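The data block below is input-v7.cif; it holds mmCIF, C-alpha atoms.
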data_data
#
loop_
_atom_site.group_PDB
_atom_site.id
_atom_site.type_symbol
_atom_site.label_atom_id
_atom_site.label_comp_id
_atom_site.auth_asym_id
_atom_site.auth_seq_id
_atom_site.Cartn_x
_atom_site.Cartn_y
_atom_site.Cartn_z
ATOM 1 C CA MET M 284 105.496 61.077 157.462
ATOM 2 C CA THR M 285 102.664 58.789 156.381
ATOM 3 C CA GLU M 286 99.001 58.970 157.341
ATOM 4 C CA GLN M 287 99.424 55.979 159.665
ATOM 5 C CA ASP M 288 102.259 57.759 161.499
ATOM 6 C CA LEU M 289 99.945 60.718 162.097
ATOM 7 C CA ARG M 290 97.188 58.448 163.451
ATOM 8 C CA ASP M 291 99.599 56.717 165.857
ATOM 9 C CA ALA M 292 100.907 60.061 167.134
ATOM 10 C CA PHE M 293 97.349 61.254 167.746
ATOM 11 C CA ASP M 294 96.443 58.124 169.708
ATOM 12 C CA ARG M 295 99.523 58.562 171.910
ATOM 13 C CA MET M 296 98.614 62.219 172.532
ATOM 14 C CA VAL M 297 95.075 61.304 173.590
ATOM 15 C CA ALA M 298 96.306 58.509 175.880
ATOM 16 C CA ALA M 299 98.783 60.828 177.614
ATOM 17 C CA GLY M 300 96.241 63.606 178.251
ATOM 18 C CA PRO M 301 94.088 63.959 181.364
ATOM 19 C CA PRO M 302 90.774 62.134 181.317
ATOM 20 C CA PRO M 303 87.689 64.236 180.809
ATOM 21 C CA THR M 304 85.922 65.389 183.922
ATOM 22 C CA GLY M 305 82.263 65.920 184.572
ATOM 23 C CA GLY M 306 79.229 63.978 183.561
ATOM 24 C CA THR M 307 78.258 61.991 180.532
ATOM 25 C CA ALA M 308 77.796 65.122 178.429
ATOM 26 C CA ASP M 309 81.355 66.212 179.042
ATOM 27 C CA VAL M 310 82.678 62.798 178.099
ATOM 28 C CA LEU M 311 80.662 62.761 174.843
ATOM 29 C CA ALA M 312 81.875 66.276 173.992
ATOM 30 C CA ALA M 313 85.458 65.218 174.549
ATOM 31 C CA VAL M 314 84.984 62.226 172.269
ATOM 32 C CA ARG M 315 83.452 64.377 169.519
ATOM 33 C CA GLN M 316 86.322 66.894 169.804
ATOM 34 C CA ALA M 317 88.857 64.083 169.538
ATOM 35 C CA ARG M 318 87.114 62.761 166.412
ATOM 36 C CA ARG M 319 87.179 66.232 164.829
ATOM 37 C CA ARG M 320 90.919 66.530 165.538
ATOM 38 C CA ARG M 321 91.500 63.111 164.047
ATOM 39 C CA SER M 322 89.521 64.081 160.917
ATOM 40 C CA LEU M 323 91.520 67.302 160.539
ATOM 41 C CA LEU M 324 94.777 65.402 160.941
ATOM 42 C CA THR M 325 93.623 62.877 158.336
ATOM 43 C CA ILE M 326 92.850 65.669 155.863
ATOM 44 C CA ALA M 327 96.175 67.365 156.627
ATOM 45 C CA GLY M 328 98.004 64.094 156.125
ATOM 46 C CA ALA M 329 96.339 63.550 152.766
ATOM 47 C CA ALA M 330 97.222 67.100 151.729
ATOM 48 C CA VAL M 331 100.861 66.590 152.721
ATOM 49 C CA ALA M 332 100.937 63.357 150.757
ATOM 50 C CA ALA M 333 99.432 65.056 147.712
ATOM 51 C CA VAL M 334 102.004 67.871 147.860
ATOM 52 C CA ALA M 335 104.776 65.285 148.165
ATOM 53 C CA VAL M 336 103.483 63.472 145.086
ATOM 54 C CA LEU M 337 103.323 66.728 143.096
ATOM 55 C CA ILE M 338 106.846 67.729 144.126
ATOM 56 C CA ALA M 339 108.182 64.296 143.267
ATOM 57 C CA GLY M 340 106.394 64.389 139.909
ATOM 58 C CA SER M 341 107.818 67.790 139.042
ATOM 59 C CA VAL M 342 111.304 66.585 139.919
ATOM 60 C CA LEU M 343 110.941 63.463 137.776
ATOM 61 C CA LEU M 344 109.296 65.149 134.818
ATOM 62 C CA GLY M 345 111.273 68.399 134.905
ATOM 63 C CA PRO M 346 110.197 71.517 133.011
ATOM 64 C CA SER M 347 108.001 71.068 129.980
ATOM 65 C CA SER M 348 110.009 70.642 126.804
ATOM 66 C CA ALA M 349 107.171 71.499 124.438
ATOM 67 C CA ALA M 350 108.161 74.554 122.420
ATOM 68 C CA PRO M 351 105.509 77.212 121.859
ATOM 69 C CA THR M 352 103.939 77.039 118.444
ATOM 70 C CA ALA M 353 104.793 80.115 116.355
ATOM 71 C CA VAL M 354 101.830 81.764 114.674
ATOM 72 C CA HIS M 355 102.638 83.123 111.226
ATOM 73 C CA PRO M 356 100.170 85.492 109.568
ATOM 74 C CA THR M 357 98.721 84.152 106.358
ATOM 75 C CA PRO M 358 100.034 86.202 103.423
ATOM 76 C CA THR M 359 97.272 88.016 101.583
ATOM 77 C CA THR M 360 97.205 88.522 97.851
ATOM 78 C CA PRO M 361 96.444 92.128 96.857
ATOM 79 C CA ALA M 362 93.008 92.512 95.339
ATOM 80 C CA PRO M 363 93.033 93.174 91.590
ATOM 81 C CA PRO M 364 92.493 96.801 90.583
ATOM 82 C CA THR M 365 88.972 97.910 89.784
ATOM 83 C CA VAL M 366 88.142 100.711 87.364
ATOM 84 C CA PRO M 367 85.018 102.768 88.123
ATOM 85 C CA GLY M 368 82.207 102.168 85.649
ATOM 86 C CA ILE M 369 83.617 98.893 84.291
ATOM 87 C CA SER M 370 82.165 95.586 85.496
ATOM 88 C CA PRO M 371 84.315 92.496 86.202
ATOM 89 C CA SER M 372 83.004 90.750 83.064
ATOM 90 C CA GLN M 373 83.783 93.806 80.932
ATOM 91 C CA THR M 374 87.233 94.019 82.505
ATOM 92 C CA GLN M 375 87.963 90.401 81.640
ATOM 93 C CA ARG M 376 86.889 90.950 78.038
ATOM 94 C CA ILE M 377 89.027 94.103 77.685
ATOM 95 C CA VAL M 378 92.094 92.304 79.039
ATOM 96 C CA GLU M 379 91.541 89.398 76.632
ATOM 97 C CA LEU M 380 91.207 91.676 73.585
ATOM 98 C CA CYS M 381 94.205 93.822 74.519
ATOM 99 C CA ARG M 382 96.345 90.763 75.203
ATOM 100 C CA ALA M 383 95.372 89.263 71.848
ATOM 101 C CA GLY M 384 96.241 92.467 69.973
ATOM 102 C CA TYR M 385 99.606 93.046 71.663
ATOM 103 C CA ARG M 386 102.548 92.319 69.352
ATOM 104 C CA GLY M 387 105.229 92.152 72.038
ATOM 105 C CA ALA M 388 106.222 89.251 74.254
ATOM 106 C CA GLU M 389 103.500 87.178 75.884
ATOM 107 C CA PRO M 390 102.451 89.220 78.961
ATOM 108 C CA GLY M 391 102.024 86.112 81.098
ATOM 109 C CA PRO M 392 99.947 86.033 84.289
ATOM 110 C CA GLY M 393 99.183 89.173 86.240
ATOM 111 C CA LEU M 394 98.054 91.411 83.368
ATOM 112 C CA GLU M 395 95.352 93.705 84.790
ATOM 113 C CA LEU M 396 93.248 96.692 83.731
ATOM 114 C CA TYR M 397 94.235 99.755 85.790
ATOM 115 C CA ASN M 398 92.639 102.783 84.166
ATOM 116 C CA ALA M 399 90.347 103.999 81.396
ATOM 117 C CA ILE M 400 89.595 107.380 79.818
ATOM 118 C CA ARG M 401 87.443 108.668 76.994
ATOM 119 C CA SER M 402 89.271 110.424 74.164
ATOM 120 C CA PRO M 403 88.083 112.005 70.904
ATOM 121 C CA TRP M 404 89.055 108.758 69.138
ATOM 122 C CA GLY M 405 87.357 106.350 71.533
ATOM 123 C CA MET M 406 87.969 104.670 74.890
ATOM 124 C CA ARG M 407 91.574 104.229 76.004
ATOM 125 C CA TYR M 408 92.439 101.412 78.397
ATOM 126 C CA LEU M 409 95.649 101.124 80.411
ATOM 127 C CA LEU M 410 96.956 97.682 81.393
ATOM 128 C CA TYR M 411 100.028 96.520 83.296
ATOM 129 C CA GLY M 412 101.603 93.224 84.158
ATOM 130 C CA PRO M 413 104.802 92.453 86.067
ATOM 131 C CA LYS M 414 106.795 92.755 82.819
ATOM 132 C CA THR M 415 104.380 94.433 80.411
ATOM 133 C CA TYR M 416 102.761 97.794 79.685
ATOM 134 C CA ILE M 417 99.849 97.799 77.213
ATOM 135 C CA SER M 418 97.704 100.685 75.958
ATOM 136 C CA CYS M 419 94.497 99.894 74.067
ATOM 137 C CA LEU M 420 92.246 102.189 72.094
ATOM 138 C CA HIS M 421 88.749 100.929 71.364
ATOM 139 C CA ALA M 422 88.075 103.242 68.451
ATOM 140 C CA THR M 423 84.659 104.685 67.736
ATOM 141 C CA GLU M 424 84.700 102.687 64.500
ATOM 142 C CA GLY M 425 84.795 99.504 66.578
ATOM 143 C CA ASP M 426 88.362 98.302 65.965
ATOM 144 C CA TRP M 427 91.068 97.855 68.629
ATOM 145 C CA ARG M 428 94.457 99.563 68.371
ATOM 146 C CA VAL M 429 97.089 98.211 70.722
ATOM 147 C CA HIS M 430 100.619 99.299 71.551
ATOM 148 C CA GLY M 431 102.888 98.847 74.545
ATOM 149 C CA GLU M 432 106.312 97.886 75.775
ATOM 150 C CA ASP M 433 108.084 94.929 77.375
ATOM 151 C CA GLY M 434 110.019 95.499 80.584
ATOM 152 C CA PRO M 435 109.664 95.399 84.371
ATOM 153 C CA THR M 436 107.041 97.718 85.809
ATOM 154 C CA GLN M 437 107.691 97.351 89.565
ATOM 155 C CA TRP M 438 109.997 100.383 89.899
ATOM 156 C CA LEU M 439 109.586 104.080 89.113
ATOM 157 C CA ARG M 440 112.171 106.712 88.268
ATOM 158 C CA GLY M 441 110.728 109.237 90.711
ATOM 159 C CA PRO M 442 107.161 109.739 91.991
ATOM 160 C CA ILE M 443 105.697 109.170 88.505
ATOM 161 C CA ALA M 444 106.704 107.506 85.261
ATOM 162 C CA VAL M 445 105.337 108.702 81.901
ATOM 163 C CA ASP M 446 105.117 105.555 79.806
ATOM 164 C CA TRP M 447 103.664 107.150 76.683
ATOM 165 C CA SER M 448 102.640 110.560 75.329
ATOM 166 C CA ILE M 449 101.652 112.000 71.961
ATOM 167 C CA THR M 450 100.149 115.165 70.461
ATOM 168 C CA ASP M 451 97.629 114.630 67.666
ATOM 169 C CA GLY M 452 95.677 117.077 65.560
ATOM 170 C CA LEU M 453 92.006 116.734 64.812
ATOM 171 C CA VAL M 454 90.578 116.981 61.345
ATOM 172 C CA PRO M 455 90.874 119.488 59.798
ATOM 173 C CA TYR M 456 94.428 119.829 61.105
ATOM 174 C CA ASP M 457 94.753 123.487 60.144
ATOM 175 C CA LYS M 458 91.631 124.595 62.000
ATOM 176 C CA GLY M 459 90.705 122.064 64.652
ATOM 177 C CA PRO M 460 92.382 121.907 68.067
ATOM 178 C CA GLY M 461 94.868 119.240 68.934
ATOM 179 C CA VAL M 462 94.820 116.662 71.714
ATOM 180 C CA PHE M 463 97.703 115.821 74.016
ATOM 181 C CA SER M 464 97.467 112.233 75.273
ATOM 182 C CA ALA M 465 99.636 110.681 77.983
ATOM 183 C CA GLU M 466 99.590 107.850 80.495
ATOM 184 C CA GLY M 467 101.827 106.286 83.093
ATOM 185 C CA ARG M 468 102.309 105.071 86.669
ATOM 186 C CA ALA M 469 102.347 106.911 89.981
ATOM 187 C CA ALA M 470 103.706 106.066 93.427
ATOM 188 C CA SER M 471 101.309 105.447 96.313
ATOM 189 C CA SER M 472 102.058 108.939 97.678
ATOM 190 C CA VAL M 473 100.701 110.625 94.531
ATOM 191 C CA ALA M 474 97.061 111.750 94.555
ATOM 192 C CA THR M 475 96.920 114.020 91.500
ATOM 193 C CA ILE M 476 99.116 114.991 88.549
ATOM 194 C CA ARG M 477 99.117 118.483 87.041
ATOM 195 C CA VAL M 478 99.760 118.227 83.295
ATOM 196 C CA THR M 479 100.532 121.226 81.113
ATOM 197 C CA HIS M 480 100.964 121.557 77.376
ATOM 198 C CA GLY M 481 101.758 125.092 76.329
ATOM 199 C CA SER M 482 98.922 127.294 77.579
ATOM 200 C CA SER M 483 96.653 124.344 78.368
ATOM 201 C CA ALA M 484 96.606 122.471 81.658
ATOM 202 C CA VAL M 485 94.606 119.797 83.456
ATOM 203 C CA THR M 486 94.797 118.007 86.796
ATOM 204 C CA VAL M 487 94.047 114.282 86.677
ATOM 205 C CA PRO M 488 93.649 111.874 89.606
ATOM 206 C CA ALA M 489 95.810 108.849 90.244
ATOM 207 C CA VAL M 490 93.687 105.724 89.743
ATOM 208 C CA ASN M 491 95.094 102.413 90.957
ATOM 209 C CA GLY M 492 98.567 103.948 90.878
ATOM 210 C CA THR M 493 98.197 105.119 87.264
ATOM 211 C CA PHE M 494 97.082 108.216 85.360
ATOM 212 C CA GLU M 495 95.716 109.031 81.908
ATOM 213 C CA VAL M 496 95.497 112.395 80.162
ATOM 214 C CA SER M 497 93.441 113.650 77.231
ATOM 215 C CA LEU M 498 94.034 117.399 76.994
ATOM 216 C CA SER M 499 92.729 119.727 74.269
ATOM 217 C CA VAL M 500 95.393 122.151 73.009
ATOM 218 C CA PRO M 501 95.198 125.058 70.495
ATOM 219 C CA ALA M 502 96.110 124.175 66.951
ATOM 220 C CA ALA M 503 98.795 126.857 66.974
ATOM 221 C CA GLU M 504 100.636 125.032 69.778
ATOM 222 C CA LEU M 505 100.699 121.595 68.183
ATOM 223 C CA GLY M 506 104.276 120.319 68.399
ATOM 224 C CA SER M 507 105.578 123.496 70.041
ATOM 225 C CA GLY M 508 104.037 123.795 73.520
ATOM 226 C CA ALA M 509 106.180 122.958 76.560
ATOM 227 C CA ILE M 510 105.008 119.825 78.378
ATOM 228 C CA SER M 511 105.343 119.054 82.069
ATOM 229 C CA PHE M 512 103.990 116.640 84.693
ATOM 230 C CA GLN M 513 103.856 117.655 88.371
ATOM 231 C CA PRO M 514 102.783 115.105 91.035
ATOM 232 C CA TYR M 515 100.998 116.223 94.226
ATOM 233 C CA ASP M 516 100.051 114.339 97.375
ATOM 234 C CA ALA M 517 96.582 114.323 98.992
ATOM 235 C CA ALA M 518 97.412 117.481 100.970
ATOM 236 C CA GLY M 519 98.320 119.403 97.817
ATOM 237 C CA HIS M 520 102.092 119.333 98.326
ATOM 238 C CA LEU M 521 104.311 119.103 95.278
ATOM 239 C CA LEU M 522 106.269 115.853 95.475
ATOM 240 C CA ASP M 523 108.877 116.663 92.860
ATOM 241 C CA SER M 524 110.234 120.186 92.512
ATOM 242 C CA ARG M 525 111.440 119.331 89.027
ATOM 243 C CA ALA M 526 108.625 119.624 86.502
ATOM 244 C CA GLN M 527 108.991 116.316 84.667
ATOM 245 C CA SER M 528 109.052 117.617 81.145
ATOM 246 C CA THR M 529 109.041 115.739 77.878
ATOM 247 C CA GLY M 530 111.051 118.458 76.123
ATOM 248 C CA ASP M 531 114.184 117.424 74.250
ATOM 249 C CA ALA M 532 116.715 118.808 76.758
ATOM 250 C CA ASP M 533 114.854 117.402 79.746
ATOM 251 C CA ARG M 534 114.383 114.076 78.020
ATOM 252 C CA ILE M 535 118.120 113.747 77.372
ATOM 253 C CA GLU M 536 118.814 114.510 81.023
ATOM 254 C CA GLN M 537 116.259 111.956 82.144
ATOM 255 C CA LEU M 538 117.648 109.295 79.830
ATOM 256 C CA GLY M 539 121.123 109.792 81.297
ATOM 257 C CA THR M 540 119.955 109.583 84.941
ATOM 258 C CA CYS M 541 120.406 106.228 86.629
ATOM 259 C CA TRP M 542 118.159 104.819 89.332
ATOM 260 C CA VAL M 543 118.895 102.064 91.825
ATOM 261 C CA THR M 544 116.564 99.835 93.881
ATOM 262 C CA PRO M 545 117.067 99.257 97.642
ATOM 263 C CA GLU M 546 118.563 95.869 96.759
ATOM 264 C CA GLY M 547 121.250 97.580 94.670
ATOM 265 C CA SER M 548 119.879 96.770 91.205
ATOM 266 C CA VAL M 549 120.381 99.593 88.708
ATOM 267 C CA LEU M 550 117.406 100.153 86.413
ATOM 268 C CA PRO M 551 118.123 100.019 82.683
ATOM 269 C CA THR M 552 118.981 103.370 81.125
ATOM 270 C CA ALA M 553 118.780 104.480 77.507
ATOM 271 C CA LEU M 554 122.149 106.222 77.755
ATOM 272 C CA PRO M 555 125.239 104.561 79.283
ATOM 273 C CA THR M 556 126.064 105.617 82.831
ATOM 274 C CA GLN M 557 129.317 107.399 83.551
ATOM 275 C CA PRO M 558 132.039 105.923 85.804
ATOM 276 C CA GLY M 559 131.362 106.889 89.410
ATOM 277 C CA GLN M 560 127.931 108.248 88.547
ATOM 278 C CA LYS M 561 125.686 108.395 91.613
ATOM 279 C CA CYS M 562 122.280 106.837 91.024
ATOM 280 C CA LYS M 563 119.050 108.105 92.542
ATOM 281 C CA PRO M 564 116.840 105.815 94.663
ATOM 282 C CA ALA M 565 114.045 104.189 92.680
ATOM 283 C CA THR M 566 110.470 104.213 93.974
ATOM 284 C CA ARG M 567 108.457 101.039 94.392
ATOM 285 C CA TRP M 568 105.226 100.870 92.352
ATOM 286 C CA ARG M 569 102.412 98.913 94.016
#
Serialized structure, structure tokens:
Amino acid sequence: MTEQDLRDAFDRMVAAGPPPTGGTADVLAAVRQARRRRSLLTIAGAAVAAVAVLIAGSVLLGPSSAAPTAVHPTPTTPAPPTVPGISPSQTQRIVELCRAGYRGAEPGPGLELYNAIRSPWGMRYLLYGPKTYISCLHATEGDWRVHGEDGPTQWLRGPIAVDWSITDGLVPYDKGPGVFSAEGRAASSVATIRVTHGSSAVTVPAVNGTFEVSLSVPAAELGSGAISFQPYDAAGHLLDSRAQSTGDADRIEQLGTCWVTPEGSVLPTALPTQPGQKCKPATRWR
């Protein structure tokens, strides 16, 4: 029904109704009331027409075909490790010197300084890259002594991995105490590592997922004291009931143990694995 149809119907209704009675005031009131009705009908007609247009438009256009835009979070790059007491400029210089002195394969990008410790021979610095482990000693005499190893560093064989350890005697060897040095990586669940060498022991913190040890040992125990590493979480719970020892028997057992990543990749082992040997799950490092 159009607006004109509504107007015509109203006019017919007014013509068919009884004439207003009374005086001039009653007639004027009736006229004003008729005008108000006509205005309301005009507004109603316009509203009906608008609704009809909207319905027709929705039928013609149909539902919106625009697909919602997916919002993907921007990947964040982990911040490089920071070592307490060493400025960014000093860190950059240490990495450059250690990289230059390393005799293995080119470390490539991603080589970072993770830890540092003072030893009787000077400052020791611990660096890792995706495929490189480097240990640097800035000797008290001023020279740099660098050693390390090539190989992936992303996976651990248990909560911790001891990448290097050595027992040295101090001059004079027959009288002075010795020093047990060690360093390695630790899983994110590890807060401290309890290290023992014979009758000597020390607890060191995990720093940037790594640890370093410089432990004084009696001269009488040089080369003979039992060595173990025990990782603990922040609550003081032992994470590995096996004391990870560097003794000969334990080392042979560790070398023959295989470890597998969640993707099914078996980590390299020093000793060949046996047929049907069940591998232990490897732990992700950083």
Identify all residues satisfying the PyMOL selection byres ((chain M and resi 502) around 7) in the given file; provide them as JSON, numbers by chain. {"M": [457, 458, 459, 460, 461, 500, 501, 503, 504, 505]}
CA of Ala469 (chain M) to CA of Ile449 (chain M), straight-line distance in Å: 18.7 Å
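As for CA of Glu395 (chain M) and CA of Ala465 (chain M), they are spaced 18.8 Å apart.
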Taking (104.6, 109.5, 101.9) as a centre in this file's frame and 10 Å as the limit, can you find every polymer residue with an atom that close, using all atoms listed in the file, and give them as an MDAnalysis selection string? chainID M and resid 470:473 516:517 522
Any chance you could export the current selection's C-alpha atoms as a short mmCIF file (atom, residue, chain, number, x, y, z; two decimals), in the frame of the given file?
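Now in again_28.cif:
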data_model
loop_
_atom_site.label_atom_id
_atom_site.label_comp_id
_atom_site.auth_asym_id
_atom_site.auth_seq_id
_atom_site.Cartn_x
_atom_site.Cartn_y
_atom_site.Cartn_z
CA ALA M 470 103.71 106.07 93.43
CA SER M 471 101.31 105.45 96.31
CA SER M 472 102.06 108.94 97.68
CA VAL M 473 100.70 110.62 94.53
CA ASP M 516 100.05 114.34 97.38
CA ALA M 517 96.58 114.32 98.99
CA LEU M 522 106.27 115.85 95.48
#
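With the shown file loaded, the PyMOL selection byres ((chain M and resi 437) around 8) picks out Pro413, Pro435, Thr436, Trp438, Leu439, Arg567, Trp568 and Arg569 of chain M.
Proximity of M:Ile510, M:Leu396, M:Ile417, M:Val490 to Glu432 (chain M), computed with all atoms listed in the file, is greatest for M:Ile417.
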Target residues per the PyMOL selection byres ((chain M and resi 547-560) around 12), formatted as a list in words: Gly434, Pro435, Thr436, Gln437, Trp438, Leu439, Arg440, Arg534, Ile535, Glu536, Gln537, Leu538, Gly539, Thr540, Cys541, Trp542, Val543, Thr544, Pro545, Glu546, Lys561, Cys562, Lys563, Pro564, Ala565 and Thr566 of chain M
Need the neighbours of (90.9, 92.2, 73.8): which residues are at most 12 Å away, counting all atoms listed in the file, as an MDAnalysis selection string? chainID M and resid 373:385 394:396 408 410 417:421 425:429
Can you work out the spacing between CA of Gly393 (chain M) and CA of Gly412 (chain M) in Å, to one decimal?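 These atoms are spaced 5.2 Å apart.
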Under the rule that only C-alpha atoms are counted, which of M:Gly481, M:Gly467, M:Gly431, M:Pro514 is the nearest residue to Pro390 (chain M)?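 Of M:Gly481, M:Gly467, M:Gly431, M:Pro514, the one nearest Pro390 (chain M) is M:Gly431, counting only C-alpha atoms.
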Which residues of region 462-542 of chain M come within 8 Å of region 399-407 of chain M, and what is each one's closest atom pair and distance in Å (one decimal), counting all atoms listed in the file, sorted by chain and residue number, as a Markdown table?
| residue | atom | partner | partner_atom | distance |
| --- | --- | --- | --- | --- |
| M:Glu495 | CA | M:Ile400 | CA | 6.7 |
| M:Val496 | CA | M:Ile400 | CA | 7.8 |
| M:Ser497 | CA | M:Ser402 | CA | 6.1 |
Minimum-distance residue to Gly519 (chain M), chosen among M:Arg468, M:Thr486, M:Ser507, M:Pro371 (using only C-alpha atoms):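 Closest to Gly519 (chain M) of all the choices is M:Thr486.
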